[in-house]
>>> print(open('data_17.txt').read())   # compact mmCIF, C-alpha atoms
# COMPACT_ATOMS: atom_id res chain seq x y z
CA MET E 1 0.64 -37.73 20.16
CA ASP E 2 -0.71 -35.74 17.21
CA ALA E 3 -0.87 -31.98 17.63
CA ILE E 4 -4.11 -30.02 17.35
CA LYS E 5 -3.80 -27.19 14.87
CA ILE E 6 -6.97 -25.27 14.08
CA LYS E 7 -6.87 -22.15 11.98
CA GLY E 8 -9.00 -19.35 13.39
CA THR E 9 -12.09 -17.97 11.69
CA GLU E 10 -14.31 -14.96 12.40
CA ASP E 11 -16.07 -16.93 15.13
CA THR E 12 -13.61 -19.61 16.24
CA PRO E 13 -10.10 -19.23 17.69
CA THR E 14 -6.74 -20.39 16.39
CA VAL E 15 -5.77 -23.38 18.47
CA ILE E 16 -2.30 -24.90 18.62
CA PHE E 17 -1.76 -27.66 21.14
CA ASP E 18 1.48 -29.33 20.21
CA ALA E 19 3.12 -31.50 22.86
CA SER E 20 6.36 -32.22 20.99
CA ALA E 21 6.96 -28.53 20.16
CA ASN E 22 5.71 -27.64 23.67
CA ILE E 23 3.31 -25.01 22.31
CA PHE E 24 -0.15 -24.50 23.81
CA GLU E 25 -2.04 -21.52 22.42
CA LEU E 26 -5.57 -20.24 22.07
CA ASN E 27 -5.83 -16.99 20.11
CA GLY E 28 -8.43 -14.85 18.43
CA LYS E 29 -12.22 -14.83 18.65
CA SER E 30 -14.45 -17.45 20.17
CA MET E 31 -18.21 -17.47 19.65
CA PRO E 32 -18.79 -20.76 17.82
CA GLU E 33 -22.29 -21.79 16.84
CA ASN E 34 -21.86 -24.93 18.90
CA VAL E 35 -19.29 -24.49 21.69
CA ALA E 36 -19.43 -28.10 22.85
CA ALA E 37 -18.72 -29.43 19.35
CA PHE E 38 -15.80 -27.06 18.88
CA TYR E 39 -14.16 -27.58 22.28
CA SER E 40 -14.82 -31.29 22.94
CA PRO E 41 -11.88 -32.54 20.81
CA ILE E 42 -9.59 -30.00 22.50
CA LEU E 43 -10.66 -31.11 25.99
CA ALA E 44 -10.22 -34.76 24.98
CA TRP E 45 -6.74 -33.93 23.68
CA ILE E 46 -5.75 -32.37 27.03
CA ASP E 47 -7.00 -35.49 28.86
CA GLU E 48 -4.73 -37.58 26.68
CA TYR E 49 -1.81 -35.15 27.10
CA GLY E 50 -2.29 -35.27 30.87
CA LYS E 51 -1.36 -38.96 30.90
CA LYS E 52 2.18 -38.07 29.85
CA PRO E 53 2.64 -34.29 30.10
CA ASN E 54 5.82 -32.34 29.42
CA ALA E 55 7.84 -31.37 32.48
CA GLU E 56 6.73 -27.78 31.98
CA THR E 57 3.63 -26.58 30.16
CA VAL E 58 2.93 -22.92 29.40
CA VAL E 59 -0.60 -22.30 28.11
CA SER E 60 -1.01 -19.02 26.33
CA PHE E 61 -4.36 -17.27 25.84
CA LYS E 62 -4.52 -14.25 23.55
CA LEU E 63 -8.19 -13.73 22.97
CA GLU E 64 -9.68 -10.73 21.31
CA TYR E 65 -13.22 -11.70 22.17
CA PHE E 66 -15.11 -14.64 23.63
CA ASN E 67 -18.78 -15.13 24.43
CA THR E 68 -20.09 -16.43 27.75
CA ALA E 69 -20.49 -20.01 26.50
CA SER E 70 -16.82 -19.97 25.43
CA SER E 71 -15.82 -18.58 28.83
CA LYS E 72 -17.10 -21.82 30.33
CA MET E 73 -15.03 -23.86 27.86
CA ILE E 74 -11.91 -21.81 28.70
CA MET E 75 -12.62 -22.62 32.34
CA ASP E 76 -12.79 -26.32 31.48
CA ILE E 77 -9.49 -26.15 29.58
CA MET E 78 -7.81 -24.44 32.54
CA SER E 79 -9.25 -26.96 35.00
CA LYS E 80 -7.75 -29.80 33.02
CA PHE E 81 -4.34 -28.15 33.06
CA GLU E 82 -4.80 -27.51 36.77
CA ASP E 83 -5.29 -31.28 37.21
CA ILE E 84 -2.03 -31.87 35.32
CA SER E 85 -0.32 -29.44 37.71
CA ASN E 86 -1.86 -31.19 40.72
CA ASN E 87 -0.38 -34.43 39.42
CA GLY E 88 3.10 -32.98 39.65
CA ALA E 89 3.97 -31.38 36.28
CA LYS E 90 4.77 -27.67 36.07
CA VAL E 91 1.95 -25.62 34.52
CA LYS E 92 1.70 -21.89 33.92
CA MET E 93 -0.92 -19.70 32.21
CA LYS E 94 -0.14 -16.61 30.17
CA TRP E 95 -3.14 -14.33 29.77
CA HIS E 96 -2.74 -11.68 27.08
CA TYR E 97 -5.12 -8.73 26.95
CA LEU E 98 -5.38 -5.60 24.88
CA GLU E 99 -4.23 -2.73 27.08
CA VAL E 100 -7.52 -0.82 26.82
CA ASP E 101 -9.64 -3.92 27.33
CA GLU E 102 -10.33 -3.87 31.05
CA ASP E 103 -12.97 -6.59 30.75
CA MET E 104 -10.39 -8.97 29.26
CA LEU E 105 -7.96 -8.21 32.09
CA GLU E 106 -10.74 -8.72 34.63
CA ALA E 107 -11.62 -12.05 33.04
CA GLY E 108 -8.01 -13.20 33.32
CA GLU E 109 -7.82 -12.10 36.94
CA GLY E 110 -11.06 -13.94 37.65
CA TYR E 111 -9.67 -17.15 36.18
CA SER E 112 -6.44 -16.76 38.10
CA GLU E 113 -8.42 -16.61 41.34
CA ILE E 114 -10.15 -19.93 40.78
CA VAL E 115 -7.49 -21.89 38.93
CA ASP E 116 -4.66 -22.90 41.19
CA VAL E 117 -1.65 -22.46 38.87
CA PRO E 118 0.59 -19.41 38.33
CA PHE E 119 -0.78 -16.77 35.94
CA GLU E 120 1.08 -14.08 34.08
CA MET E 121 -0.97 -11.13 32.83
CA ILE E 122 0.52 -9.61 29.68
CA SER E 123 -0.86 -6.47 28.04
CA TYR E 124 -0.33 -5.74 24.36
CA MET C 1 -50.57 1.08 -7.81
CA GLU C 2 -52.34 2.51 -4.79
CA LEU C 3 -50.85 -0.22 -2.59
CA GLN C 4 -47.38 0.39 -3.97
CA ASN C 5 -47.61 4.07 -3.18
CA THR C 6 -48.60 3.27 0.36
CA HIS C 7 -45.53 1.06 0.66
CA LEU C 8 -43.25 3.71 -0.73
CA ASP C 9 -44.70 6.33 1.59
CA SER C 10 -44.29 4.13 4.61
CA VAL C 11 -40.62 3.55 3.79
CA TYR C 12 -39.89 7.22 4.20
CA THR C 13 -42.03 7.41 7.35
CA LEU C 14 -40.14 4.44 8.73
CA TYR C 15 -36.81 5.99 7.78
CA GLN C 16 -37.69 9.26 9.50
CA ASP C 17 -38.96 7.40 12.51
CA MET C 18 -35.75 5.38 12.76
CA LEU C 19 -33.66 8.52 12.55
CA LYS C 20 -35.79 10.26 15.15
CA ARG C 21 -35.46 7.32 17.54
CA GLY C 22 -31.78 6.81 16.77
CA PHE C 23 -32.34 3.26 15.53
CA SER C 24 -29.59 2.18 13.19
CA LEU C 25 -30.71 -1.41 12.81
CA ILE C 26 -34.12 -3.03 13.00
CA TYR C 27 -34.48 -6.67 12.06
CA GLU C 28 -37.48 -8.94 12.20
CA GLY C 29 -37.19 -12.59 11.34
CA GLU C 30 -35.23 -15.71 12.02
CA VAL C 31 -32.17 -15.19 14.15
CA ASN C 32 -29.43 -17.72 13.46
CA HIS C 33 -25.67 -17.89 13.78
CA GLN C 34 -25.05 -16.32 10.38
CA ILE C 35 -27.29 -13.35 11.27
CA THR C 36 -25.46 -13.02 14.59
CA LYS C 37 -22.08 -12.86 12.87
CA THR C 38 -23.31 -10.46 10.20
CA PHE C 39 -25.00 -7.99 12.56
CA THR C 40 -22.19 -7.92 15.08
CA SER C 41 -19.49 -7.31 12.49
CA MET C 42 -21.66 -4.70 10.75
CA ALA C 43 -22.30 -2.81 13.98
CA ASP C 44 -18.63 -3.04 14.91
CA GLU C 45 -17.62 -1.64 11.54
CA ASN C 46 -20.09 1.24 11.86
CA MET C 47 -18.81 2.10 15.32
CA GLY C 48 -15.28 1.98 13.94
CA LYS C 49 -16.20 4.45 11.20
CA ALA C 50 -17.81 6.68 13.81
CA SER C 51 -14.53 6.53 15.82
CA GLU C 52 -16.33 5.07 18.78
CA ASP C 53 -14.25 4.35 21.87
CA ASP C 54 -12.69 0.84 21.73
CA SER C 55 -14.01 -0.23 25.09
CA VAL C 56 -17.55 0.90 24.16
CA ARG C 57 -17.26 -1.01 20.87
CA LYS C 58 -16.28 -4.15 22.70
CA LYS C 59 -19.16 -3.86 25.14
CA VAL C 60 -21.73 -3.25 22.39
CA TYR C 61 -20.34 -6.21 20.44
CA HIS C 62 -20.50 -8.39 23.49
CA VAL C 63 -24.08 -7.51 24.40
CA MET C 64 -25.20 -7.97 20.79
CA VAL C 65 -23.73 -11.48 20.62
CA GLU C 66 -25.30 -12.54 23.91
CA CYS C 67 -28.72 -11.12 22.93
CA LEU C 68 -28.73 -12.67 19.48
CA GLN C 69 -27.50 -16.02 20.77
CA ASN C 70 -30.25 -15.95 23.40
CA ILE C 71 -32.83 -15.62 20.64
CA CYS C 72 -31.17 -18.33 18.50
CA LYS C 73 -30.92 -20.75 21.37
CA HIS C 74 -34.19 -20.14 23.16
CA ALA C 75 -36.71 -18.81 20.68
CA ASP C 76 -37.74 -22.30 19.67
CA ASP C 77 -38.33 -23.51 23.22
CA ALA C 78 -41.96 -22.45 23.27
CA GLY C 79 -44.63 -23.94 21.01
CA GLN C 80 -42.47 -25.22 18.21
CA SER C 81 -45.51 -25.99 16.07
CA ASP C 82 -46.32 -22.30 15.90
CA THR C 83 -44.36 -20.76 13.04
CA ALA C 84 -44.22 -17.41 14.81
CA PHE C 85 -41.97 -19.03 17.40
CA SER C 86 -39.45 -20.94 15.36
CA GLY C 87 -36.28 -18.97 16.05
CA ASN C 88 -37.92 -15.68 15.14
CA GLY C 89 -37.62 -12.41 16.90
CA ILE C 90 -37.00 -8.73 16.59
CA PHE C 91 -33.64 -7.11 17.13
CA ILE C 92 -32.89 -3.40 17.38
CA VAL C 93 -29.73 -1.38 17.81
CA GLY C 94 -30.02 2.30 18.56
CA ASN C 95 -27.93 5.07 20.01
CA ASP C 96 -28.11 8.63 21.19
CA ASP C 97 -25.40 10.98 22.40
CA VAL C 98 -24.96 9.25 25.72
CA SER C 99 -25.57 5.56 25.12
CA TYR C 100 -26.18 2.57 22.89
CA HIS C 101 -29.33 0.51 23.30
CA ILE C 102 -29.63 -3.14 22.32
CA ILE C 103 -33.21 -4.36 22.27
CA SER C 104 -34.42 -7.85 21.50
CA GLY C 105 -37.89 -9.37 21.43
CA ASN C 106 -39.11 -12.93 21.09
CA ALA C 107 -42.07 -15.06 22.09
CA VAL C 108 -41.87 -17.14 25.26
CA ASP C 109 -44.33 -19.33 27.17
CA ALA C 110 -45.55 -18.88 30.75
CA ALA C 111 -42.86 -21.12 32.23
CA GLN C 112 -40.09 -19.21 30.46
CA LYS C 113 -41.64 -15.91 31.53
CA GLU C 114 -41.47 -17.04 35.13
CA LYS C 115 -37.87 -18.19 34.79
CA LEU C 116 -36.74 -15.05 32.96
CA THR C 117 -38.40 -12.76 35.49
CA GLN C 118 -36.71 -14.55 38.37
CA SER C 119 -33.26 -14.54 36.86
CA LEU C 120 -33.46 -10.95 35.57
CA ASP C 121 -34.71 -9.62 38.92
CA PHE C 122 -31.97 -11.53 40.69
CA VAL C 123 -29.19 -10.32 38.37
CA ASN C 124 -30.52 -6.74 38.56
CA SER C 125 -30.39 -6.86 42.36
CA LEU C 126 -26.65 -7.53 42.50
CA ASP C 127 -23.86 -4.97 42.73
CA LYS C 128 -20.65 -5.18 40.70
CA ASP C 129 -18.70 -7.32 43.18
CA LYS C 130 -21.59 -9.74 43.71
CA LEU C 131 -22.01 -10.08 39.92
CA LYS C 132 -18.35 -10.91 39.52
CA GLU C 133 -18.54 -13.43 42.34
CA LEU C 134 -21.63 -15.09 40.85
CA TYR C 135 -20.12 -15.15 37.35
CA PHE C 136 -17.00 -17.01 38.44
CA LYS C 137 -18.93 -19.28 40.79
CA LYS C 138 -21.14 -20.34 37.86
CA LEU C 139 -18.10 -20.67 35.63
CA LYS C 140 -16.55 -23.07 38.07
CA GLU C 141 -19.63 -25.04 39.06
CA GLY C 142 -21.96 -24.75 36.08
CA SER C 143 -22.06 -26.66 32.83
CA ILE C 144 -23.06 -26.05 29.24
CA SER C 145 -26.78 -26.66 28.69
CA GLU C 146 -28.27 -28.73 25.91
CA LYS C 147 -28.95 -25.46 24.13
CA GLY C 148 -25.24 -24.67 24.26
CA GLY C 149 -25.43 -21.81 26.73
CA ALA C 150 -23.56 -21.37 30.00
CA GLY C 151 -26.36 -19.48 31.80
CA LEU C 152 -24.03 -16.51 32.09
CA GLY C 153 -25.43 -14.13 29.49
CA PHE C 154 -27.52 -11.84 31.70
CA ILE C 155 -24.91 -11.73 34.46
CA ASP C 156 -22.23 -10.78 31.99
CA MET C 157 -24.36 -8.15 30.27
CA VAL C 158 -25.01 -6.32 33.54
CA LYS C 159 -21.43 -6.81 34.74
CA LYS C 160 -19.89 -5.43 31.53
CA THR C 161 -22.31 -2.54 30.93
CA GLY C 162 -22.87 -1.48 34.52
CA HIS C 163 -26.55 -0.99 33.64
CA LYS C 164 -29.46 -3.06 34.83
CA LEU C 165 -31.42 -4.96 32.20
CA GLU C 166 -34.84 -3.52 31.41
CA TYR C 167 -37.51 -5.99 30.39
CA HIS C 168 -41.17 -6.22 29.58
CA PHE C 169 -43.69 -8.93 28.67
CA ASP C 170 -46.64 -8.34 26.33
CA THR C 171 -49.44 -10.88 26.39
CA LEU C 172 -50.03 -12.56 23.05
CA PRO C 173 -53.50 -13.59 21.82
CA ASP C 174 -52.58 -17.28 22.18
CA GLY C 175 -51.76 -16.90 25.87
CA ASN C 176 -47.99 -16.77 25.39
CA TYR C 177 -45.84 -13.71 25.90
CA PHE C 178 -43.63 -11.42 23.87
CA PHE C 179 -40.46 -10.88 25.85
CA ILE C 180 -38.63 -7.59 25.31
CA LEU C 181 -35.17 -7.06 26.73
CA LYS C 182 -33.19 -3.84 26.66
CA SER C 183 -29.54 -3.37 27.52
CA THR C 184 -27.81 0.00 27.71
CA ILE C 185 -24.14 0.76 27.15
CA SER C 186 -22.88 4.22 28.12
CA ARG C 187 -20.64 6.05 25.68
CA ASN C 188 -17.50 7.49 27.24
CA LYS C 189 -17.96 11.16 26.66
>>> encode(input="data_17.txt", output="structure tokens")
Amino acid sequence: MDAIKIKGTEDTPTVIFDASANIFELNGKSMPENVAAFYSPILAWIDEYGKKPNAETVVSFKLEYFNTASSKMIMDIMSKFEDISNNGAKVKMKWHYLEVDEDMLEAGEGYSEIVDVPFEMISY
Amino acid sequence: MELQNTHLDSVYTLYQDMLKRGFSLIYEGEVNHQITKTFTSMADENMGKASEDDSVRKKVYHVMVECLQNICKHADDAGQSDTAFSGNGIFIVGNDDVSYHIISGNAVDAAQKEKLTQSLDFVNSLDKDKLKELYFKKLKEGSISEKGGAGLGFIDMVKKTGHKLEYHFDTLPDGNYFFILKSTISRNK
């Protein structure tokens, strides 16, 4: 399947979801004008990927900032990967946060409590 | 000429008044996504120049985005035919030695006033742990509204700042209300 490669802007994140290279990344800032329009193709891509996932998927989040509407979309992305994990493939989340950014760490911990896949918290 | 002088005089009065109140930004007009991006990056840059603490910067940025997006997304809910309502509002950023203040104002109708009062009182009644619990519960169970919001803005503002949201409604001549919301972010001194 075709990879998703979106270059980040001042209000949208860099997104690389590439099944053949086994790279799944969401980096940067997320406060798009229309969250649903930005994230719908990504969610649809994960649905498609879930039909024939790699044996092991590591999803990496390195977000500098996201608004509350984006936090819901991140939740939806994680839920879809959780489904893939429930169907038998190995899934892991890597949550990167700036060392001084306690709110970003807390957000990652919050997600890890409600999404039933292993999380690794990585400070930078 | 007389009128022009009055204008010029009032600029200085306004300037002095802004300085006295610690207001660094006052904006009246349409709030859209472009304005949101511009104001937030401008404020962030100013805080950077003032060597503001990184965590304070992030919190101010966050509250500004949520406030401005609230105005963008909801200001046209009430009485769309009335030009005063079409995405317009007032937005103020101020600071003193101990904190930053983000203040927004926009017109709402009676139904919105009711809804806002309920949700603000509820959010203000919760402690830090309860806020966190509610935030993630809504994240898991909620959905994105037609307006593109997740219904998490107020919860997140109180959770991140640790300060309750202050609000006030002024009655407008047409029977609607002017909704004023103030969020405070402490500076780490």
>>> atom_distance(input="data_17.txt", atom1="atom CA of E:Ile4", atom2="atom CA of E:Ile16")
5.6 Å
>>> interface_residues(input="data_17.txt", of="chain C", to="chain E", cutoff="8 Å", atoms="only C-alpha atoms", output="VMD selection string")
chain C and resid 33 37 54 to 55 62 65 to 66 136 139 to 140 143 to 144 148 to 153 156 160
>>> residues_near_point(input="data_17.txt", point="(-21.2, 7.8, 24.0)", cutoff="10 Å", atoms="all atoms listed in the file", output="list in words")
Glu52, Asp53, Val56, Asn95, Asp96, Asp97, Val98, Ser99, Tyr100, Ile185, Ser186, Arg187, Asn188 and Lys189 of chain C
>>> write_last_selection(input="data_17.txt", atoms="C-alpha atoms", output="PDB file, in the coordinates of the input")
ATOM      1  CA  GLU C  52     -16.330   5.070  18.780  1.00  0.00           C
ATOM      2  CA  ASP C  53     -14.250   4.350  21.870  1.00  0.00           C
ATOM      3  CA  VAL C  56     -17.550   0.900  24.160  1.00  0.00           C
ATOM      4  CA  ASN C  95     -27.930   5.070  20.010  1.00  0.00           C
ATOM      5  CA  ASP C  96     -28.110   8.630  21.190  1.00  0.00           C
ATOM      6  CA  ASP C  97     -25.400  10.980  22.400  1.00  0.00           C
ATOM      7  CA  VAL C  98     -24.960   9.250  25.720  1.00  0.00           C
ATOM      8  CA  SER C  99     -25.570   5.560  25.120  1.00  0.00           C
ATOM      9  CA  TYR C 100     -26.180   2.570  22.890  1.00  0.00           C
ATOM     10  CA  ILE C 185     -24.140   0.760  27.150  1.00  0.00           C
ATOM     11  CA  SER C 186     -22.880   4.220  28.120  1.00  0.00           C
ATOM     12  CA  ARG C 187     -20.640   6.050  25.680  1.00  0.00           C
ATOM     13  CA  ASN C 188     -17.500   7.490  27.240  1.00  0.00           C
ATOM     14  CA  LYS C 189     -17.960  11.160  26.660  1.00  0.00           C
TER      15      LYS C 189
END
>>> residues_around(input="data_17.txt", residues="E:Ile6", least_positions_apart="3", cutoff="12 Å", atoms="all atoms listed in the file", output="list in words")
Ala3, Thr9, Thr12, Pro13, Thr14, Val15, Ile16, Phe17, Asp18, Phe24, Glu25, Leu26, Asn27, Gly28, Phe38, Tyr39, Pro41 and Ile42 of chain E
>>> atom_distance(input="data_17.txt", atom1="atom CA of C:Asn70", atom2="atom CA of E:Met78")
25.7 Å
>>> atom_distance(input="data_17.txt", atom1="atom CA of C:Pro173", atom2="atom CA of C:Leu116")
20.2 Å
>>> residues_around(input="data_17.txt", residues="E:Asp116", least_positions_apart="4", cutoff="9 Å", atoms="all atoms listed in the file", output="number ranges by chain")
E: 79, 82, 85-86, 112
